[in-house]
$ cat start11.csv   # CSV, C-alpha atoms
chain,number,residue,atom,x,y,z
A,26,LYS,CA,7.7,9.2,8.0
A,27,ALA,CA,7.5,5.7,6.7
A,28,GLY,CA,6.9,5.4,3.0
A,29,VAL,CA,4.2,3.6,1.1
A,30,THR,CA,4.2,-0.1,1.8
A,31,GLN,CA,2.8,-2.9,-0.3
A,32,THR,CA,2.2,-6.6,0.5
A,33,PRO,CA,3.0,-9.1,-0.7
A,34,ARG,CA,6.1,-8.2,-2.7
A,35,TYR,CA,5.9,-11.2,-4.9
A,36,LEU,CA,3.1,-13.5,-5.9
A,37,ILE,CA,2.7,-16.5,-8.2
A,38,LYS,CA,-0.8,-17.5,-9.2
A,39,THR,CA,-2.4,-19.7,-11.9
A,40,ARG,CA,-4.9,-18.7,-14.6
A,41,GLY,CA,-8.4,-18.5,-13.3
A,42,GLN,CA,-7.4,-17.7,-9.7
A,43,GLN,CA,-8.0,-14.4,-8.0
A,44,VAL,CA,-5.6,-12.2,-6.1
A,45,THR,CA,-5.7,-9.4,-3.5
A,46,LEU,CA,-2.9,-6.9,-3.1
A,47,SER,CA,-2.6,-4.5,-0.2
A,48,CYS,CA,-1.2,-1.0,0.1
A,49,SER,CA,-0.6,1.2,3.1
A,50,PRO,CA,-0.2,4.9,2.3
A,51,ILE,CA,2.1,7.4,3.9
A,52,SER,CA,0.7,8.5,7.2
A,53,GLY,CA,-1.8,11.4,6.7
A,54,HIS,CA,-2.2,10.7,3.0
A,55,ARG,CA,-5.8,10.1,2.0
A,56,SER,CA,-5.5,9.3,-1.7
A,57,VAL,CA,-4.3,6.0,-3.0
A,58,SER,CA,-3.8,5.2,-6.7
A,59,TRP,CA,-3.0,2.0,-8.4
A,60,TYR,CA,-0.9,1.5,-11.6
A,61,GLN,CA,0.0,-1.6,-13.6
A,62,GLN,CA,3.5,-1.7,-15.2
A,63,THR,CA,4.3,-4.1,-18.0
A,64,PRO,CA,7.2,-4.2,-20.5
A,65,GLY,CA,4.8,-3.8,-23.4
A,66,GLN,CA,2.3,-1.3,-22.2
A,67,GLY,CA,4.4,0.6,-19.7
A,68,LEU,CA,2.7,2.3,-16.7
A,69,GLN,CA,-1.1,2.4,-16.9
A,70,PHE,CA,-3.5,3.9,-14.4
A,71,LEU,CA,-6.0,1.5,-12.8
A,72,PHE,CA,-8.0,3.5,-10.3
A,73,GLU,CA,-7.8,6.1,-7.5
A,74,TYR,CA,-9.5,6.0,-4.1
A,75,PHE,CA,-10.0,9.0,-1.8
A,76,SER,CA,-11.9,8.9,1.5
A,77,GLU,CA,-13.1,5.3,0.8
A,78,THR,CA,-14.6,6.3,-2.6
A,79,GLN,CA,-13.4,5.6,-6.0
A,80,ARG,CA,-12.6,9.0,-7.5
A,81,ASN,CA,-11.1,8.0,-10.8
A,82,LYS,CA,-10.9,4.9,-13.0
A,83,GLY,CA,-8.7,3.8,-15.9
A,84,ASN,CA,-9.6,1.6,-18.8
A,85,PHE,CA,-9.3,-1.9,-17.3
A,86,PRO,CA,-11.9,-4.6,-17.3
A,87,GLY,CA,-14.2,-5.2,-14.4
A,88,ARG,CA,-12.1,-8.1,-13.2
A,89,PHE,CA,-9.9,-5.4,-11.6
A,90,SER,CA,-11.5,-3.8,-8.6
A,91,GLY,CA,-10.4,-2.0,-5.5
A,92,ARG,CA,-11.4,-0.5,-2.2
A,93,GLN,CA,-10.2,1.8,0.5
A,94,PHE,CA,-10.7,1.5,4.2
A,95,SER,CA,-11.3,4.2,6.8
A,96,ASN,CA,-7.6,4.3,7.7
A,97,SER,CA,-6.8,5.0,4.0
A,98,ARG,CA,-5.3,1.6,3.4
A,99,SER,CA,-6.3,0.1,0.1
A,100,GLU,CA,-6.6,-3.2,-1.6
A,101,MET,CA,-7.0,-4.2,-5.2
A,102,ASN,CA,-8.4,-7.4,-6.4
A,103,VAL,CA,-8.0,-9.2,-9.7
A,104,SER,CA,-10.4,-12.0,-10.4
A,105,THR,CA,-10.2,-14.8,-13.0
A,106,LEU,CA,-6.5,-14.1,-13.6
A,107,GLU,CA,-5.1,-14.2,-17.2
A,108,LEU,CA,-1.6,-14.7,-18.3
A,109,GLY,CA,-1.6,-11.0,-19.4
A,110,ASP,CA,-2.2,-9.9,-15.9
A,111,SER,CA,1.5,-10.7,-15.0
A,112,ALA,CA,2.9,-7.3,-14.1
A,113,LEU,CA,4.3,-5.1,-11.4
A,114,TYR,CA,1.4,-3.5,-9.5
A,115,LEU,CA,2.3,-0.1,-8.0
A,116,CYS,CA,0.5,1.8,-5.4
A,117,ALA,CA,0.9,5.5,-4.9
A,118,SER,CA,-0.3,7.8,-2.2
A,119,SER,CA,-0.9,11.5,-2.1
A,120,LEU,CA,-2.1,14.0,0.5
A,121,ASN,CA,-5.5,15.1,-0.7
A,122,SER,CA,-6.0,16.9,-3.9
A,123,GLN,CA,-5.2,15.6,-7.3
A,124,ALA,CA,-2.6,18.3,-7.6
A,125,ASP,CA,-0.5,16.8,-4.8
A,126,PRO,CA,2.5,14.7,-5.9
A,127,GLN,CA,2.2,10.9,-5.8
A,128,TYR,CA,4.7,8.8,-3.8
A,129,PHE,CA,5.0,5.2,-4.9
A,130,GLY,CA,5.6,2.0,-3.0
A,131,PRO,CA,8.0,-0.8,-4.0
A,132,GLY,CA,5.3,-2.7,-5.9
A,133,THR,CA,3.9,-6.2,-6.0
A,134,ARG,CA,5.3,-8.4,-8.7
A,135,LEU,CA,2.5,-10.8,-9.9
A,136,LEU,CA,3.3,-13.8,-12.1
A,137,VAL,CA,0.4,-15.7,-13.6
A,138,LEU,CA,1.2,-19.2,-14.9
B,8,GLY,CA,-5.5,12.3,-26.5
B,9,GLU,CA,-3.1,12.5,-23.7
B,10,ASP,CA,0.3,11.2,-24.4
B,11,VAL,CA,3.9,11.5,-23.2
B,12,GLU,CA,6.9,10.7,-25.4
B,13,GLN,CA,10.5,10.1,-24.3
B,14,SER,CA,13.6,8.7,-26.0
B,15,LEU,CA,14.3,5.2,-24.8
B,16,PHE,CA,18.0,5.2,-24.2
B,17,LEU,CA,20.8,7.6,-23.1
B,18,SER,CA,24.4,6.7,-22.4
B,19,VAL,CA,26.9,9.1,-20.8
B,20,ARG,CA,30.3,9.0,-19.1
B,21,GLU,CA,30.6,9.5,-15.4
B,22,GLY,CA,31.1,13.1,-14.5
B,23,ASP,CA,29.3,14.4,-17.6
B,24,SER,CA,25.8,16.0,-17.6
B,25,SER,CA,22.8,14.0,-18.7
B,26,VAL,CA,19.8,15.6,-20.4
B,27,ILE,CA,16.6,13.5,-20.7
B,28,ASN,CA,13.9,15.0,-22.8
B,29,CYS,CA,10.1,14.5,-22.9
B,30,THR,CA,7.2,15.9,-24.8
B,31,TYR,CA,3.6,15.9,-23.7
B,32,THR,CA,0.3,16.7,-25.3
B,33,ASP,CA,-2.0,18.1,-22.7
B,34,SER,CA,-1.5,21.8,-22.6
B,35,SER,CA,-3.8,22.1,-19.5
B,36,SER,CA,-1.4,19.9,-17.4
B,37,THR,CA,-0.8,21.8,-14.2
B,38,TYR,CA,2.1,19.7,-12.9
B,39,LEU,CA,4.8,17.7,-14.6
B,40,TYR,CA,6.9,15.1,-12.9
B,41,TRP,CA,10.2,13.2,-13.1
B,42,TYR,CA,10.4,9.8,-11.5
B,43,LYS,CA,13.4,7.4,-11.2
B,44,GLN,CA,13.1,3.6,-11.2
B,45,GLU,CA,16.0,1.3,-10.3
B,46,PRO,CA,15.9,-2.4,-11.1
B,47,GLY,CA,13.3,-4.3,-9.0
B,48,ALA,CA,12.1,-1.1,-7.3
B,49,GLY,CA,9.1,1.2,-7.4
B,50,LEU,CA,9.1,4.8,-8.6
B,51,GLN,CA,11.0,7.4,-6.7
B,52,LEU,CA,9.7,11.0,-7.1
B,53,LEU,CA,12.8,13.1,-8.1
B,54,THR,CA,11.2,16.5,-8.8
B,55,TYR,CA,8.2,18.2,-10.2
B,56,ILE,CA,7.4,21.6,-11.8
B,57,PHE,CA,4.3,23.7,-11.9
B,58,SER,CA,3.2,24.7,-15.3
B,59,ASN,CA,3.7,28.5,-14.7
B,60,MET,CA,7.4,27.9,-14.1
B,61,ASP,CA,10.2,27.8,-16.7
B,62,MET,CA,12.9,26.2,-14.6
B,63,LYS,CA,13.4,24.5,-11.3
B,64,GLN,CA,16.7,23.5,-9.7
B,65,ASP,CA,17.2,21.0,-7.0
B,66,GLN,CA,20.9,20.2,-6.2
B,67,ARG,CA,22.2,18.3,-9.2
B,68,LEU,CA,18.8,18.3,-11.0
B,69,THR,CA,17.5,21.0,-13.3
B,70,VAL,CA,14.1,20.9,-14.9
B,71,LEU,CA,13.3,23.1,-17.9
B,72,LEU,CA,9.8,23.5,-19.1
B,73,ASN,CA,8.9,25.0,-22.5
B,74,LYS,CA,5.2,25.3,-22.3
B,75,LYS,CA,4.8,26.6,-25.9
B,76,ASP,CA,6.5,23.5,-27.3
B,77,LYS,CA,5.2,21.2,-24.6
B,78,HIS,CA,8.7,20.1,-23.9
B,79,LEU,CA,10.2,19.1,-20.6
B,80,SER,CA,13.8,18.2,-19.8
B,81,LEU,CA,15.7,16.9,-16.8
B,82,ARG,CA,19.4,17.7,-16.6
B,83,ILE,CA,21.5,15.7,-14.1
B,84,ALA,CA,24.9,17.4,-13.4
B,85,ASP,CA,28.0,15.4,-12.6
B,86,THR,CA,26.3,12.1,-13.5
B,87,GLN,CA,27.4,9.2,-11.3
B,88,THR,CA,27.1,5.4,-11.8
B,89,GLY,CA,24.4,5.4,-9.1
B,90,ASP,CA,22.3,7.6,-11.4
B,91,SER,CA,21.9,4.6,-13.8
B,92,ALA,CA,18.2,3.8,-13.9
B,93,ILE,CA,15.1,4.4,-15.9
B,94,TYR,CA,13.7,7.9,-15.8
B,95,PHE,CA,10.0,8.6,-16.3
B,96,CYS,CA,8.4,11.8,-17.3
B,97,ALA,CA,4.7,12.2,-16.3
B,98,GLU,CA,1.9,14.7,-16.7
B,99,ARG,CA,-1.4,15.0,-14.9
B,100,GLY,CA,-4.3,13.7,-17.0
B,101,SER,CA,-7.6,15.4,-17.1
B,102,GLN,CA,-9.0,13.1,-14.5
B,103,GLY,CA,-6.0,13.7,-12.1
B,104,ASN,CA,-4.2,10.5,-12.8
B,105,LEU,CA,-0.5,10.4,-13.9
B,106,ILE,CA,0.2,9.7,-17.6
B,107,PHE,CA,3.7,8.3,-18.0
B,108,GLY,CA,6.2,8.1,-20.9
B,109,LYS,CA,7.8,4.8,-21.7
B,110,GLY,CA,10.9,5.8,-19.7
B,111,THR,CA,14.5,6.6,-20.7
B,112,LYS,CA,17.1,4.1,-19.6
B,113,LEU,CA,20.2,6.0,-18.5
B,114,SER,CA,23.5,4.1,-18.6
B,115,VAL,CA,26.5,5.8,-17.0
B,116,LYS,CA,29.9,4.5,-18.0
B,117,PRO,CA,32.8,4.8,-15.7
$ encode --input "start11.csv" --output "structure tokens"
Amino acid sequence: KAGVTQTPRYLIKTRGQQVTLSCSPISGHRSVSWYQQTPGQGLQFLFEYFSETQRNKGNFPGRFSGRQFSNSRSEMNVSTLELGDSALYLCASSLNSQADPQYFGPGTRLLVL
Amino acid sequence: GEDVEQSLFLSVREGDSSVINCTYTDSSSTYLYWYKQEPGAGLQLLTYIFSNMDMKQDQRLTVLLNKKDKHLSLRIADTQTGDSAIYFCAERGSQGNLIFGKGTKLSVKP
């Protein structure tokens, strides 16, 4: 089976712009979670989608949003970018329940100038 | 609150065993995980253990869980230079998300 794929792999934006990142889960997986990784804060949970519904949300401002499509693919959007949004954004997919292990994609590295 | 702690660095010689330690706070965690991250890459799931188990072995990897002390360890036997990476311990949070430690950077010297 193909693994989790994320596009684009690298992105450079300027402050105030918005960005959309895409994630395709492993075939058959219905849950997609997003994490932000920075040197200072480490890995932090953004949100989780299951069957097109947000099932869980971390402590990030409303500028961070996401959605999931009927084929389980997910997108996350960050509006009004700030310098501090520079990070590696990781997507993880899991089968169904929150007890299933999460498998991660390669990440999208976002640089905000 | 929910928190996971790990030491930041570990250096071993090729062929030795590596032991990476982790402590967690949520005693209700059902699963605990070990992930590996190589430079410029995402997280690779190495292994995971259910909270009613004390030990799990998978080839060169051995996971030990002390639930009373909320202590998890990952032992890598016969460590190779290709094992050099950052290793993350993670527990399931109360809402189902993963809560990660800061990661342990393993350096393997030839």
$ atom_distance --input "start11.csv" --atom1 "atom CA of Met60 of chain B" --atom2 "atom CA of Trp59 of chain A"
28.5 Å
$ interface_residues --input "start11.csv" --of "chain A" --to "chain B" --cutoff "10 Å" --atoms "only C-alpha atoms" --output "PyMOL selection string"
chain A and resi 58-60+64-73+80-83+113-117+122-134
$ atom_distance --input "start11.csv" --atom1 "atom CA of Ser91 of chain B" --atom2 "atom CA of Trp41 of chain B"
14.5 Å
$ residues_near_point --input "start11.csv" --point "(33.1, 10.1, -16.2)" --cutoff "8 Å" --atoms "all atoms listed in the file" --output "VMD selection string"
chain B and resid 19 to 23 86 to 87 115 to 117
$ closest_residue --input "start11.csv" --among "B:Ser36, B:Gln13, B:Thr30, B:Thr88" --to "Leu71 of chain B" --atoms "all atoms listed in the file"
B:Thr30
$ atom_distance --input "start11.csv" --atom1 "atom CA of Gln61 of chain A" --atom2 "atom CA of Ser97 of chain A"
20.0 Å
$ residues_near_point --input "start11.csv" --point "(-2.2, 4.3, 0.9)" --cutoff "8 Å" --atoms "all atoms listed in the file" --output "mmCIF file with C-alpha atoms, keeping the file's coordinate frame"
data_model
loop_
_atom_site.group_PDB
_atom_site.id
_atom_site.type_symbol
_atom_site.label_atom_id
_atom_site.label_comp_id
_atom_site.auth_asym_id
_atom_site.auth_seq_id
_atom_site.Cartn_x
_atom_site.Cartn_y
_atom_site.Cartn_z
ATOM 1 C CA VAL A 29 4.200 3.600 1.100
ATOM 2 C CA THR A 30 4.200 -0.100 1.800
ATOM 3 C CA CYS A 48 -1.200 -1.000 0.100
ATOM 4 C CA SER A 49 -0.600 1.200 3.100
ATOM 5 C CA PRO A 50 -0.200 4.900 2.300
ATOM 6 C CA ILE A 51 2.100 7.400 3.900
ATOM 7 C CA HIS A 54 -2.200 10.700 3.000
ATOM 8 C CA ARG A 55 -5.800 10.100 2.000
ATOM 9 C CA SER A 56 -5.500 9.300 -1.700
ATOM 10 C CA VAL A 57 -4.300 6.000 -3.000
ATOM 11 C CA SER A 58 -3.800 5.200 -6.700
ATOM 12 C CA SER A 97 -6.800 5.000 4.000
ATOM 13 C CA ARG A 98 -5.300 1.600 3.400
ATOM 14 C CA SER A 99 -6.300 0.100 0.100
ATOM 15 C CA CYS A 116 0.500 1.800 -5.400
ATOM 16 C CA ALA A 117 0.900 5.500 -4.900
ATOM 17 C CA SER A 118 -0.300 7.800 -2.200
ATOM 18 C CA SER A 119 -0.900 11.500 -2.100
#
$ residues_around --input "start11.csv" --residues "Gly109 of chain A" --least-positions-apart "3" --cutoff "9 Å" --atoms "all atoms listed in the file" --output "PyMOL selection string"
chain A and resi 106+112+137
$ write_last_selection --input "start11.csv" --atoms "C-alpha atoms" --output "PDB file, in the frame of the given file"
ATOM      1  CA  LEU A 106      -6.500 -14.100 -13.600  1.00  0.00           C
ATOM      2  CA  ALA A 112       2.900  -7.300 -14.100  1.00  0.00           C
ATOM      3  CA  VAL A 137       0.400 -15.700 -13.600  1.00  0.00           C
TER       4      VAL A 137
END
$ closest_residue --input "start11.csv" --among "B:Glu9, B:Asp90, B:Asp33, B:Glu45" --to "His78 of chain B" --atoms "all atoms listed in the file"
B:Asp33
$ closest_residue --input "start11.csv" --among "A:Asn102, A:Leu136, A:Gly91, A:Phe75" --to "Leu36 of chain A" --atoms "all atoms listed in the file"
A:Leu136
$ residues_around --input "start11.csv" --residues "Arg92 of chain A" --least-positions-apart "2" --cutoff "8 Å" --atoms "all atoms listed in the file" --output "PyMOL selection string"
chain A and resi 74+77-79+90+94+99-101
$ residues_around --input "start11.csv" --residues "Arg67 of chain B" --least-positions-apart "5" --cutoff "8 Å" --atoms "only C-alpha atoms" --output "short mmCIF file (atom, residue, chain, number, x, y, z; two decimals) with C-alpha atoms, in the coordinates of the input"
data_model
loop_
_atom_site.label_atom_id
_atom_site.label_comp_id
_atom_site.auth_asym_id
_atom_site.auth_seq_id
_atom_site.Cartn_x
_atom_site.Cartn_y
_atom_site.Cartn_z
CA ARG B 82 19.40 17.70 -16.60
CA ILE B 83 21.50 15.70 -14.10
CA ALA B 84 24.90 17.40 -13.40
CA ASP B 85 28.00 15.40 -12.60
#
$ closest_residue --input "start11.csv" --among "B:Cys29, B:Met62, B:Leu17, B:Leu81" --to "Ala97 of chain B" --atoms "all atoms listed in the file"
B:Cys29
$ decode --input "start11.csv" --residues "segment 37-59 of chain A" --atoms "N, CA, C and O atoms" --output "compact mmCIF listing (two decimals), in the first residue's frame"
# COMPACT_ATOMS: atom_id res chain seq x y z
N ILE A 37 7.17 28.53 0.33
CA ILE A 37 7.63 29.80 0.89
C ILE A 37 6.53 30.82 0.68
O ILE A 37 6.04 31.00 -0.44
N LYS A 38 6.14 31.47 1.77
CA LYS A 38 5.08 32.48 1.71
C LYS A 38 5.56 33.72 2.46
O LYS A 38 6.55 33.68 3.20
N THR A 39 4.83 34.81 2.30
CA THR A 39 5.14 36.02 3.06
C THR A 39 4.03 36.27 4.08
O THR A 39 2.90 35.75 3.94
N ARG A 40 4.36 37.04 5.08
CA ARG A 40 3.41 37.38 6.14
C ARG A 40 2.12 37.93 5.56
O ARG A 40 2.15 38.74 4.62
N GLY A 41 1.00 37.51 6.12
CA GLY A 41 -0.29 38.02 5.68
C GLY A 41 -0.95 37.16 4.60
O GLY A 41 -2.16 37.25 4.40
N GLN A 42 -0.15 36.35 3.92
CA GLN A 42 -0.74 35.47 2.90
C GLN A 42 -1.44 34.29 3.56
O GLN A 42 -1.39 34.10 4.78
N GLN A 43 -2.11 33.50 2.73
CA GLN A 43 -2.71 32.28 3.24
C GLN A 43 -2.13 31.10 2.48
O GLN A 43 -1.53 31.25 1.41
N VAL A 44 -2.27 29.90 3.06
CA VAL A 44 -1.69 28.72 2.44
C VAL A 44 -2.63 27.53 2.65
O VAL A 44 -3.34 27.45 3.66
N THR A 45 -2.64 26.63 1.68
CA THR A 45 -3.41 25.39 1.78
C THR A 45 -2.48 24.21 1.56
O THR A 45 -1.74 24.17 0.57
N LEU A 46 -2.51 23.28 2.50
CA LEU A 46 -1.69 22.07 2.42
C LEU A 46 -2.61 20.88 2.23
O LEU A 46 -3.72 20.86 2.78
N SER A 47 -2.12 19.89 1.50
CA SER A 47 -2.96 18.74 1.17
C SER A 47 -2.35 17.44 1.70
O SER A 47 -1.12 17.30 1.77
N CYS A 48 -3.23 16.52 2.05
CA CYS A 48 -2.80 15.23 2.58
C CYS A 48 -3.69 14.12 2.03
O CYS A 48 -4.93 14.21 2.12
N SER A 49 -3.07 13.08 1.49
CA SER A 49 -3.82 11.90 1.06
C SER A 49 -3.46 10.74 1.97
O SER A 49 -2.29 10.35 2.04
N PRO A 50 -4.45 10.19 2.67
CA PRO A 50 -4.15 9.12 3.64
C PRO A 50 -3.88 7.79 2.95
O PRO A 50 -4.09 7.64 1.75
N ILE A 51 -3.45 6.84 3.74
CA ILE A 51 -3.30 5.46 3.26
C ILE A 51 -4.68 4.96 2.83
O ILE A 51 -5.68 5.25 3.50
N SER A 52 -4.72 4.23 1.75
CA SER A 52 -5.98 3.73 1.23
C SER A 52 -6.72 2.93 2.30
O SER A 52 -6.16 2.05 2.95
N GLY A 53 -7.99 3.29 2.52
CA GLY A 53 -8.81 2.60 3.52
C GLY A 53 -8.82 3.28 4.88
O GLY A 53 -9.66 2.98 5.72
N HIS A 54 -7.89 4.20 5.09
CA HIS A 54 -7.87 4.94 6.35
C HIS A 54 -8.87 6.08 6.28
O HIS A 54 -8.93 6.82 5.30
N ARG A 55 -9.62 6.25 7.36
CA ARG A 55 -10.67 7.26 7.36
C ARG A 55 -10.37 8.45 8.26
O ARG A 55 -11.07 9.45 8.23
N SER A 56 -9.35 8.31 9.09
CA SER A 56 -9.01 9.41 10.00
C SER A 56 -7.73 10.09 9.55
O SER A 56 -6.75 9.43 9.19
N VAL A 57 -7.75 11.41 9.57
CA VAL A 57 -6.56 12.20 9.23
C VAL A 57 -6.33 13.21 10.35
O VAL A 57 -7.24 13.94 10.74
N SER A 58 -5.11 13.24 10.86
CA SER A 58 -4.73 14.20 11.90
C SER A 58 -3.60 15.08 11.37
O SER A 58 -2.79 14.64 10.55
N TRP A 59 -3.55 16.30 11.88
CA TRP A 59 -2.50 17.24 11.48
C TRP A 59 -1.72 17.67 12.72
O TRP A 59 -2.31 17.92 13.79
